[in-house]
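Asks: Handing over structure.csv, CSV, N, CA and C atoms.
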```csv
chain,number,residue,atom,x,y,z
A,1,MET,N,-3.8,28.2,17.4
A,1,MET,CA,-2.5,27.9,16.8
A,1,MET,C,-2.0,26.6,17.3
A,2,THR,N,-1.5,25.8,16.4
A,2,THR,CA,-1.0,24.5,16.8
A,2,THR,C,0.4,24.6,17.5
A,3,GLN,N,0.5,23.8,18.6
A,3,GLN,CA,1.7,23.8,19.3
A,3,GLN,C,2.5,22.6,18.9
A,4,ALA,N,3.8,22.6,19.1
A,4,ALA,CA,4.7,21.5,18.8
A,4,ALA,C,4.4,20.4,19.9
A,5,LEU,N,4.5,19.2,19.4
A,5,LEU,CA,4.3,18.0,20.3
A,5,LEU,C,5.6,17.5,20.8
A,6,THR,N,5.6,16.9,22.0
A,6,THR,CA,6.7,16.1,22.4
A,6,THR,C,6.6,14.8,21.6
A,7,ASP,N,7.7,14.0,21.6
A,7,ASP,CA,7.7,12.7,20.9
A,7,ASP,C,6.6,11.8,21.5
A,8,ILE,N,6.5,11.8,22.8
A,8,ILE,CA,5.5,11.0,23.5
A,8,ILE,C,4.1,11.4,23.1
A,9,GLU,N,3.9,12.7,23.1
A,9,GLU,CA,2.5,13.2,22.7
A,9,GLU,C,2.2,12.8,21.3
A,10,TYR,N,3.2,13.0,20.4
A,10,TYR,CA,3.0,12.5,19.0
A,10,TYR,C,2.6,11.0,18.9
A,11,LEU,N,3.4,10.2,19.6
A,11,LEU,CA,3.1,8.8,19.6
A,11,LEU,C,1.8,8.4,20.2
A,12,ASN,N,1.4,9.1,21.2
A,12,ASN,CA,0.1,8.8,21.8
A,12,ASN,C,-1.1,9.1,20.9
A,13,HIS,N,-1.0,10.3,20.2
A,13,HIS,CA,-2.0,10.7,19.3
A,13,HIS,C,-2.0,9.8,18.0
A,14,ALA,N,-0.8,9.5,17.6
A,14,ALA,CA,-0.7,8.7,16.3
A,14,ALA,C,-1.2,7.3,16.6
A,15,GLU,N,-0.8,6.7,17.7
A,15,GLU,CA,-1.3,5.3,18.0
A,15,GLU,C,-2.8,5.3,18.2
A,16,ALA,N,-3.3,6.3,18.8
A,16,ALA,CA,-4.8,6.4,19.0
A,16,ALA,C,-5.5,6.4,17.6
A,17,ALA,N,-4.9,7.2,16.7
A,17,ALA,CA,-5.5,7.2,15.3
A,17,ALA,C,-5.4,5.9,14.6
A,18,LEU,N,-4.3,5.2,14.7
A,18,LEU,CA,-4.2,3.9,14.1
A,18,LEU,C,-5.1,2.9,14.7
A,19,ALA,N,-5.2,2.9,16.1
A,19,ALA,CA,-6.1,2.0,16.8
A,19,ALA,C,-7.6,2.3,16.3
A,20,SER,N,-7.9,3.5,16.2
A,20,SER,CA,-9.3,3.9,15.7
A,20,SER,C,-9.5,3.4,14.3
A,21,LEU,N,-8.5,3.5,13.4
A,21,LEU,CA,-8.7,3.0,12.1
A,21,LEU,C,-8.9,1.5,12.1
A,22,GLU,N,-8.2,0.8,12.9
A,22,GLU,CA,-8.4,-0.7,13.0
A,22,GLU,C,-9.8,-1.0,13.5
A,23,SER,N,-10.2,-0.3,14.6
A,23,SER,CA,-11.6,-0.6,15.1
A,23,SER,C,-12.7,-0.2,14.2
A,24,ASN,N,-12.4,0.8,13.4
A,24,ASN,CA,-13.4,1.2,12.3
A,24,ASN,C,-13.5,0.1,11.3
A,25,CYS,N,-12.4,-0.5,10.9
A,25,CYS,CA,-12.5,-1.7,9.9
A,25,CYS,C,-13.3,-2.8,10.5
A,26,ASP,N,-13.0,-3.1,11.8
A,26,ASP,CA,-13.8,-4.2,12.4
A,26,ASP,C,-15.3,-3.9,12.4
A,27,ARG,N,-15.6,-2.6,12.8
A,27,ARG,CA,-17.0,-2.2,12.8
A,27,ARG,C,-17.7,-2.3,11.4
A,28,LEU,N,-16.9,-1.8,10.4
A,28,LEU,CA,-17.4,-1.8,9.0
A,28,LEU,C,-17.6,-3.3,8.6
A,29,ASN,N,-16.7,-4.1,8.9
A,29,ASN,CA,-16.8,-5.5,8.4
A,29,ASN,C,-18.0,-6.2,9.1
A,30,ASP,N,-18.2,-5.9,10.4
A,30,ASP,CA,-19.3,-6.5,11.1
A,30,ASP,C,-20.7,-6.0,10.7
A,31,ASN,N,-20.8,-4.7,10.3
A,31,ASN,CA,-22.1,-4.0,10.1
A,31,ASN,C,-22.4,-3.7,8.6
A,32,THR,N,-21.5,-3.9,7.7
A,32,THR,CA,-21.7,-3.6,6.3
A,32,THR,C,-21.1,-4.8,5.5
A,33,SER,N,-21.3,-4.6,4.2
A,33,SER,CA,-20.7,-5.6,3.2
A,33,SER,C,-19.3,-5.2,2.7
A,34,ALA,N,-18.7,-4.2,3.4
A,34,ALA,CA,-17.4,-3.6,3.0
A,34,ALA,C,-16.3,-4.6,2.8
A,35,ASP,N,-16.1,-5.6,3.7
A,35,ASP,CA,-15.1,-6.6,3.7
A,35,ASP,C,-13.7,-6.0,3.4
A,36,ILE,N,-13.3,-5.2,4.4
A,36,ILE,CA,-12.0,-4.5,4.3
A,36,ILE,C,-11.0,-5.4,5.1
A,37,ASP,N,-9.9,-5.8,4.4
A,37,ASP,CA,-8.9,-6.5,5.1
A,37,ASP,C,-7.9,-5.5,5.6
A,38,ASN,N,-7.7,-5.4,6.9
A,38,ASN,CA,-6.7,-4.5,7.5
A,38,ASN,C,-5.6,-5.3,8.1
A,39,GLN,N,-4.4,-4.9,7.7
A,39,GLN,CA,-3.2,-5.6,8.2
A,39,GLN,C,-2.3,-4.5,8.9
A,40,ARG,N,-1.9,-4.8,10.1
A,40,ARG,CA,-1.0,-3.8,10.8
A,40,ARG,C,0.4,-4.4,11.0
A,41,THR,N,1.4,-3.7,10.7
A,41,THR,CA,2.8,-4.0,10.9
A,41,THR,C,3.4,-2.8,11.5
A,42,GLY,N,3.7,-2.9,12.8
A,42,GLY,CA,4.3,-1.7,13.5
A,42,GLY,C,3.5,-0.5,13.4
A,43,GLY,N,4.0,0.6,12.8
A,43,GLY,CA,3.4,1.8,12.7
A,43,GLY,C,2.7,2.0,11.3
A,44,MET,N,2.3,0.9,10.7
A,44,MET,CA,1.7,0.9,9.3
A,44,MET,C,0.5,0.0,9.3
A,45,ILE,N,-0.6,0.6,8.7
A,45,ILE,CA,-1.8,-0.2,8.4
A,45,ILE,C,-2.0,-0.2,6.9
A,46,THR,N,-2.3,-1.4,6.4
A,46,THR,CA,-2.7,-1.5,5.0
A,46,THR,C,-4.2,-2.0,5.0
A,47,LEU,N,-5.0,-1.2,4.3
A,47,LEU,CA,-6.4,-1.5,4.0
A,47,LEU,C,-6.5,-2.1,2.6
A,48,ILE,N,-7.0,-3.3,2.5
A,48,ILE,CA,-7.1,-4.0,1.3
A,48,ILE,C,-8.6,-4.2,1.0
A,49,PHE,N,-9.1,-3.7,-0.2
A,49,PHE,CA,-10.5,-3.9,-0.5
A,49,PHE,C,-10.7,-5.1,-1.4
A,50,THR,N,-11.9,-5.5,-1.6
A,50,THR,CA,-12.2,-6.7,-2.4
A,50,THR,C,-11.7,-6.6,-3.8
A,51,ASN,N,-11.6,-5.4,-4.3
A,51,ASN,CA,-11.1,-5.3,-5.7
A,51,ASN,C,-9.5,-5.2,-5.7
A,52,LYS,N,-8.9,-5.5,-4.6
A,52,LYS,CA,-7.5,-5.6,-4.4
A,52,LYS,C,-6.8,-4.3,-4.3
A,53,SER,N,-7.5,-3.1,-4.4
A,53,SER,CA,-6.9,-1.8,-4.3
A,53,SER,C,-6.5,-1.7,-2.8
A,54,GLN,N,-5.6,-0.8,-2.5
A,54,GLN,CA,-5.1,-0.6,-1.1
A,54,GLN,C,-5.0,0.9,-0.8
A,55,ILE,N,-5.1,1.1,0.5
A,55,ILE,CA,-4.8,2.4,1.2
A,55,ILE,C,-3.7,2.0,2.3
A,56,ILE,N,-2.6,2.8,2.3
A,56,ILE,CA,-1.6,2.5,3.3
A,56,ILE,C,-1.5,3.8,4.1
A,57,ILE,N,-1.5,3.6,5.4
A,57,ILE,CA,-1.4,4.6,6.4
A,57,ILE,C,-0.2,4.3,7.3
A,58,ASN,N,0.7,5.2,7.4
A,58,ASN,CA,1.9,4.9,8.2
A,58,ASN,C,2.4,6.1,9.0
A,59,LEU,N,3.1,5.8,10.1
A,59,LEU,CA,3.6,6.9,10.9
A,59,LEU,C,5.0,7.3,10.4
A,60,GLN,N,5.2,8.6,10.4
A,60,GLN,CA,6.5,9.2,10.0
A,60,GLN,C,7.0,9.9,11.3
A,61,LYS,N,7.6,9.1,12.2
A,61,LYS,CA,8.0,9.6,13.5
A,61,LYS,C,9.0,10.7,13.4
A,62,PRO,N,10.0,10.7,12.6
A,62,PRO,CA,11.0,11.9,12.6
A,62,PRO,C,10.3,13.2,12.3
A,63,LEU,N,9.2,13.2,11.5
A,63,LEU,CA,8.5,14.4,11.1
A,63,LEU,C,7.2,14.6,11.9
A,64,GLN,N,6.9,13.7,12.8
A,64,GLN,CA,5.7,13.7,13.6
A,64,GLN,C,4.5,13.9,12.7
A,65,GLU,N,4.4,13.0,11.7
A,65,GLU,CA,3.3,13.0,10.7
A,65,GLU,C,2.7,11.6,10.6
A,66,ILE,N,1.5,11.6,10.0
A,66,ILE,CA,0.9,10.3,9.5
A,66,ILE,C,0.8,10.5,8.0
A,67,TRP,N,1.3,9.5,7.3
A,67,TRP,CA,1.2,9.6,5.8
A,67,TRP,C,0.1,8.6,5.3
A,68,LEU,N,-0.6,9.0,4.3
A,68,LEU,CA,-1.6,8.2,3.7
A,68,LEU,C,-1.3,8.1,2.2
A,69,ALA,N,-1.3,6.9,1.7
A,69,ALA,CA,-1.2,6.6,0.3
A,69,ALA,C,-2.4,5.9,-0.2
A,70,ALA,N,-3.0,6.5,-1.3
A,70,ALA,CA,-4.2,6.0,-1.9
A,70,ALA,C,-4.1,6.2,-3.4
A,71,LYS,N,-5.1,5.6,-4.1
A,71,LYS,CA,-5.1,5.8,-5.6
A,71,LYS,C,-5.0,7.3,-5.9
A,72,ALA,N,-5.7,8.1,-5.1
A,72,ALA,CA,-5.8,9.6,-5.3
A,72,ALA,C,-4.4,10.3,-5.1
A,73,GLY,N,-3.4,9.6,-4.5
A,73,GLY,CA,-2.1,10.2,-4.2
A,73,GLY,C,-1.6,10.0,-2.8
A,74,GLY,N,-0.6,10.8,-2.5
A,74,GLY,CA,0.0,10.7,-1.2
A,74,GLY,C,-0.3,11.9,-0.4
A,75,PHE,N,-0.5,11.8,0.9
A,75,PHE,CA,-0.9,12.9,1.8
A,75,PHE,C,-0.2,12.8,3.1
A,76,HIS,N,0.1,14.0,3.7
A,76,HIS,CA,0.8,14.1,4.9
A,76,HIS,C,-0.1,14.8,5.9
A,77,TYR,N,-0.2,14.3,7.2
A,77,TYR,CA,-1.0,14.9,8.2
A,77,TYR,C,-0.2,15.2,9.4
A,78,LYS,N,-0.4,16.4,10.0
A,78,LYS,CA,0.1,16.7,11.3
A,78,LYS,C,-1.0,16.9,12.3
A,79,PHE,N,-0.7,16.7,13.5
A,79,PHE,CA,-1.7,16.8,14.6
A,79,PHE,C,-1.9,18.3,14.9
A,80,ASP,N,-3.2,18.7,14.9
A,80,ASP,CA,-3.6,20.1,15.2
A,80,ASP,C,-4.0,20.1,16.6
A,81,THR,N,-3.2,20.7,17.5
A,81,THR,CA,-3.6,20.7,18.9
A,81,THR,C,-4.8,21.5,19.2
A,82,THR,N,-5.1,22.4,18.4
A,82,THR,CA,-6.3,23.3,18.6
A,82,THR,C,-7.6,22.5,18.4
A,83,SER,N,-7.7,21.8,17.3
A,83,SER,CA,-8.9,21.0,16.9
A,83,SER,C,-8.8,19.5,17.4
A,84,GLN,N,-7.6,19.1,17.9
A,84,GLN,CA,-7.4,17.7,18.3
A,84,GLN,C,-7.6,16.8,17.1
A,85,THR,N,-7.2,17.1,15.9
A,85,THR,CA,-7.4,16.3,14.8
A,85,THR,C,-6.1,16.3,13.9
A,86,TRP,N,-6.0,15.3,13.1
A,86,TRP,CA,-4.9,15.2,12.1
A,86,TRP,C,-5.3,15.9,10.9
A,87,ARG,N,-4.5,16.9,10.4
A,87,ARG,CA,-4.9,17.7,9.3
A,87,ARG,C,-3.8,17.6,8.2
A,88,ASP,N,-4.3,17.5,7.0
A,88,ASP,CA,-3.4,17.5,5.8
A,88,ASP,C,-2.6,18.7,5.8
A,89,THR,N,-1.3,18.6,5.5
A,89,THR,CA,-0.4,19.7,5.5
A,89,THR,C,-0.5,20.7,4.4
A,90,LYS,N,-1.2,20.3,3.3
A,90,LYS,CA,-1.5,21.2,2.2
A,90,LYS,C,-2.9,21.7,2.1
A,91,GLN,N,-3.9,20.8,2.2
A,91,GLN,CA,-5.3,21.2,2.1
A,91,GLN,C,-6.0,21.4,3.4
A,92,ALA,N,-5.4,21.0,4.5
A,92,ALA,CA,-6.0,21.1,5.9
A,92,ALA,C,-7.2,20.2,6.0
A,93,THR,N,-7.4,19.2,5.2
A,93,THR,CA,-8.5,18.3,5.3
A,93,THR,C,-8.2,17.3,6.5
A,94,GLU,N,-9.2,16.7,7.1
A,94,GLU,CA,-9.0,15.9,8.2
A,94,GLU,C,-8.8,14.4,7.8
A,95,LEU,N,-7.9,13.7,8.5
A,95,LEU,CA,-7.5,12.4,8.2
A,95,LEU,C,-8.6,11.4,8.0
A,96,PHE,N,-9.5,11.3,9.0
A,96,PHE,CA,-10.6,10.3,8.9
A,96,PHE,C,-11.6,10.6,7.8
A,97,ALA,N,-11.8,11.9,7.6
A,97,ALA,CA,-12.7,12.3,6.4
A,97,ALA,C,-12.0,11.9,5.1
A,98,ASP,N,-10.7,12.1,5.0
A,98,ASP,CA,-10.0,11.7,3.8
A,98,ASP,C,-10.0,10.2,3.6
A,99,VAL,N,-9.7,9.4,4.7
A,99,VAL,CA,-9.8,8.0,4.6
A,99,VAL,C,-11.2,7.5,4.2
A,100,SER,N,-12.2,8.1,4.7
A,100,SER,CA,-13.6,7.8,4.3
A,100,SER,C,-13.8,8.0,2.8
A,101,ARG,N,-13.3,9.2,2.3
A,101,ARG,CA,-13.5,9.5,0.9
A,101,ARG,C,-12.7,8.6,0.0
A,102,TYR,N,-11.5,8.3,0.3
A,102,TYR,CA,-10.6,7.5,-0.5
A,102,TYR,C,-11.1,6.0,-0.5
A,103,ALA,N,-11.5,5.5,0.7
A,103,ALA,CA,-12.0,4.2,0.8
A,103,ALA,C,-13.3,4.0,0.1
A,104,SER,N,-14.1,5.0,0.1
A,104,SER,CA,-15.4,5.0,-0.7
A,104,SER,C,-15.1,4.9,-2.2
A,105,GLU,N,-14.2,5.8,-2.6
A,105,GLU,CA,-13.8,5.8,-4.0
A,105,GLU,C,-13.2,4.5,-4.5
A,106,GLN,N,-12.3,3.9,-3.7
A,106,GLN,CA,-11.6,2.7,-4.1
A,106,GLN,C,-12.5,1.4,-3.9
A,107,SER,N,-13.4,1.4,-3.0
A,107,SER,CA,-14.3,0.2,-2.8
A,107,SER,C,-15.5,0.3,-3.6
A,108,GLY,N,-15.9,1.5,-4.1
A,108,GLY,CA,-17.2,1.6,-4.8
A,108,GLY,C,-18.4,1.6,-4.0
A,109,MET,N,-18.3,1.8,-2.7
A,109,MET,CA,-19.4,1.9,-1.8
A,109,MET,C,-19.1,3.0,-0.7
A,110,ARG,N,-20.2,3.5,-0.1
A,110,ARG,CA,-20.0,4.6,0.9
A,110,ARG,C,-19.4,3.9,2.2
A,111,ILE,N,-18.3,4.4,2.6
A,111,ILE,CA,-17.6,3.9,3.8
A,111,ILE,C,-17.3,5.1,4.7
A,112,GLN,N,-17.6,5.0,5.9
A,112,GLN,CA,-17.5,6.1,6.9
A,112,GLN,C,-16.5,5.7,8.0
A,113,PHE,N,-15.4,6.4,8.1
A,113,PHE,CA,-14.5,6.2,9.2
A,113,PHE,C,-14.6,7.3,10.2
A,114,ASN,N,-14.7,7.0,11.5
A,114,ASN,CA,-14.9,8.0,12.5
A,114,ASN,C,-13.8,7.9,13.6
A,115,PHE,N,-13.3,9.0,14.1
A,115,PHE,CA,-12.3,8.9,15.2
A,115,PHE,C,-13.0,8.8,16.5
```
Mind turning this structure into C-alpha coordinates?

Replies:
Amino acid sequence: MTQALTDIEYLNHAEAALASLESNCDRLNDNTSADIDNQRTGGMITLIFTNKSQIIINLQKPLQEIWLAAKAGGFHYKFDTTSQTWRDTKQATELFADVSRYASEQSGMRIQFNF
(Lines of atoms letter the chains of each structure in order from A and count residues from 1; the text may use other names and numbers.)
(Lines give C-alpha, C1' and ligand atoms only; values in the text may rest on other atoms or scores of the structure.)
Protein backbone atom coordinates (compact mmCIF):
# COMPACT_ATOMS: atom_id res chain seq x y z
CA MET A 1 0.00 0.00 0.00
CA THR A 2 1.28 3.47 -0.89
CA GLN A 3 1.81 5.84 2.00
CA ALA A 4 1.41 9.60 1.84
CA LEU A 5 4.66 11.51 1.41
CA THR A 6 5.79 14.58 3.27
CA ASP A 7 6.51 17.57 1.04
CA ILE A 8 10.25 17.01 1.53
CA GLU A 9 9.98 13.32 0.58
CA TYR A 10 7.97 14.23 -2.52
CA LEU A 11 10.53 16.82 -3.60
CA ASN A 12 13.44 14.43 -3.01
CA HIS A 13 11.84 11.67 -5.12
CA ALA A 14 10.63 14.10 -7.79
CA GLU A 15 14.00 15.87 -8.13
CA ALA A 16 15.75 12.48 -8.35
CA ALA A 17 13.43 11.54 -11.22
CA LEU A 18 14.08 14.80 -13.09
CA ALA A 19 17.85 14.50 -12.56
CA SER A 20 17.70 10.94 -13.88
CA LEU A 21 15.77 12.04 -16.97
CA GLU A 22 18.44 14.68 -17.63
CA SER A 23 21.31 12.21 -17.23
CA ASN A 24 19.48 9.74 -19.49
CA CYS A 25 19.35 12.40 -22.21
CA ASP A 26 23.09 13.00 -21.85
CA ARG A 27 23.75 9.23 -22.04
CA LEU A 28 21.50 8.82 -25.08
CA ASN A 29 23.10 11.77 -26.86
CA ASP A 30 26.61 10.41 -26.14
CA ASN A 31 25.89 6.80 -27.10
CA THR A 32 23.21 6.94 -29.82
CA SER A 33 22.09 9.13 -32.71
CA ALA A 34 19.02 10.24 -30.74
CA ASP A 35 20.05 13.94 -30.47
CA ILE A 36 17.52 14.89 -27.77
CA ASP A 37 17.67 18.51 -26.67
CA ASN A 38 16.66 18.68 -23.02
CA GLN A 39 15.93 22.01 -21.40
CA ARG A 40 15.25 22.37 -17.70
CA THR A 41 13.53 25.34 -16.12
CA GLY A 42 12.85 24.88 -12.42
CA GLY A 43 10.61 21.84 -12.01
CA MET A 44 10.05 21.34 -15.74
CA ILE A 45 12.02 19.47 -18.39
CA THR A 46 11.28 19.81 -22.10
CA LEU A 47 12.62 17.08 -24.38
CA ILE A 48 12.88 18.25 -27.99
CA PHE A 49 13.49 15.73 -30.75
CA THR A 50 15.07 16.35 -34.17
CA ASN A 51 11.60 16.42 -35.77
CA LYS A 52 10.74 19.30 -33.36
CA SER A 53 8.16 17.25 -31.41
CA GLN A 54 8.33 17.64 -27.65
CA ILE A 55 7.68 15.84 -24.39
CA ILE A 56 7.20 18.01 -21.32
CA ILE A 57 7.65 16.63 -17.81
CA ASN A 58 6.87 18.87 -14.88
CA LEU A 59 6.33 18.77 -11.15
CA GLN A 60 2.90 19.46 -9.70
CA LYS A 61 3.91 20.18 -6.12
CA PRO A 62 0.44 20.87 -4.62
CA LEU A 63 -0.75 17.44 -5.85
CA GLN A 64 2.60 15.70 -5.24
CA GLU A 65 2.58 14.46 -8.83
CA ILE A 66 4.75 14.50 -11.93
CA TRP A 67 2.87 15.34 -15.11
CA LEU A 68 3.94 14.22 -18.58
CA ALA A 69 2.66 15.74 -21.82
CA ALA A 70 3.39 13.94 -25.09
CA LYS A 71 1.72 13.57 -28.47
CA ALA A 72 -0.09 10.55 -26.97
CA GLY A 73 -1.73 12.77 -24.31
CA GLY A 74 -1.29 13.99 -20.77
CA PHE A 75 -0.45 11.70 -17.86
CA HIS A 76 -0.21 12.12 -14.08
CA TYR A 77 2.17 10.09 -11.88
CA LYS A 78 2.24 9.61 -8.12
CA PHE A 79 5.12 8.08 -6.21
CA ASP A 80 4.42 4.50 -5.11
CA THR A 81 6.27 3.96 -1.84
CA THR A 82 5.90 0.18 -2.12
CA SER A 83 7.65 -0.18 -5.50
CA GLN A 84 9.65 3.08 -5.16
CA THR A 85 8.50 4.13 -8.65
CA TRP A 86 6.36 6.84 -10.19
CA ARG A 87 3.05 5.29 -11.36
CA ASP A 88 0.40 6.68 -13.69
CA THR A 89 -2.73 7.47 -11.68
CA LYS A 90 -5.03 5.80 -14.24
CA GLN A 91 -3.11 2.96 -15.90
CA ALA A 92 -0.48 2.31 -13.17
CA THR A 93 2.27 2.32 -15.83
CA GLU A 94 5.74 3.43 -14.74
CA LEU A 95 7.07 6.91 -15.61
CA PHE A 96 10.40 5.89 -17.17
CA ALA A 97 8.77 3.11 -19.22
CA ASP A 98 6.22 5.63 -20.49
CA VAL A 99 8.87 8.26 -21.31
CA SER A 100 10.75 5.54 -23.21
CA ARG A 101 7.63 4.56 -25.17
CA TYR A 102 6.56 8.11 -26.05
CA ALA A 103 10.12 9.24 -26.87
CA SER A 104 10.50 6.23 -29.17
CA GLU A 105 7.17 6.99 -30.88
CA GLN A 106 7.96 10.67 -31.32
CA SER A 107 11.60 10.27 -32.41
CA GLY A 108 11.05 7.29 -34.70
CA MET A 109 13.83 5.30 -33.02
CA ARG A 110 14.03 3.01 -29.99
CA ILE A 111 14.92 5.09 -26.93
CA GLN A 112 15.31 3.62 -23.45
CA PHE A 113 15.13 5.75 -20.28
CA ASN A 114 16.14 4.09 -17.01
CA PHE A 115 15.85 5.31 -13.44

Asks: Between A:Asn58, A:Thr82, A:Ser23, A:Gln91, which is the closest to Asp37 (chain A) once you count only C-alpha atoms?

Replies: A:Ser23

Asks: In Å, with one decimal, what is the gap from atom C of Thr32 (chain A) to CA of Lys52 (chain A)?

Replies: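 Taking atom C of Thr32 (chain A) as the start and CA of Lys52 (chain A) as the end point, the length is 16.8 Å.
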
Asks: Show me as a count of residues only the residues that reach within 6 Å of (-3.1, 5.4, 9.5), counting only N, CA and C atoms and using the file's own coordinates.

Replies: 6

Asks: Expressed in Å to a single decimal, how great is the separation between atom N of Ser83 (chain A) and atom C of Glu15 (chain A)?

Replies: 17.2 Å

Asks: Please indicate the distance in Å from atom N of Ala70 (chain A) to atom C of Ala97 (chain A), rounded to one decimal place.

Replies: 12.3 Å

Asks: Tell me which of A:Ile8, A:Gln60, A:Gln39, A:Glu94 sits closest to Glu22 (chain A), counting only C-alpha atoms.

Replies: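 Among the listed residues, the smallest separation from Glu22 (chain A) belongs to A:Gln39.
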
Asks: As a list in words, which residues of region 21-105 of chain A does DSSP assign to helix (DSSP H, G or I)?

Replies: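 In region 21-105 of chain A, DSSP puts these residues in helix (DSSP H, G or I): Leu21, Glu22, Ser23, Asn24, Cys25, Asp26, Arg27, Leu28, Asn29, Asp30, Asn31, Lys61, Pro62, Leu63, Leu95, Phe96, Ala97, Asp98, Val99, Ser100, Arg101, Tyr102, Ala103, Ser104 and Glu105 of chain A.
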
Asks: Between A:Thr46, A:Gln3, A:Asn24, A:Asn12, which is the closest to Asn114 (chain A) once you count only C-alpha atoms?

Replies: A:Asn24

Asks: Using only N, CA and C atoms, pick whichever of A:Glu105, A:Gly43, A:Thr50, A:Phe79 has the shortest atom-to-atom distance to His13 (chain A).

Replies: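 Nearest to His13 (chain A): A:Phe79.
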
Asks: So, counting only N, CA and C atoms, which residue among A:Ile55, A:Ile48, A:Leu95, A:Cys25 is closest to Tyr77 (chain A)?

Replies: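 When distances to Tyr77 (chain A) are compared using only N, CA and C atoms, the smallest one comes from A:Leu95.
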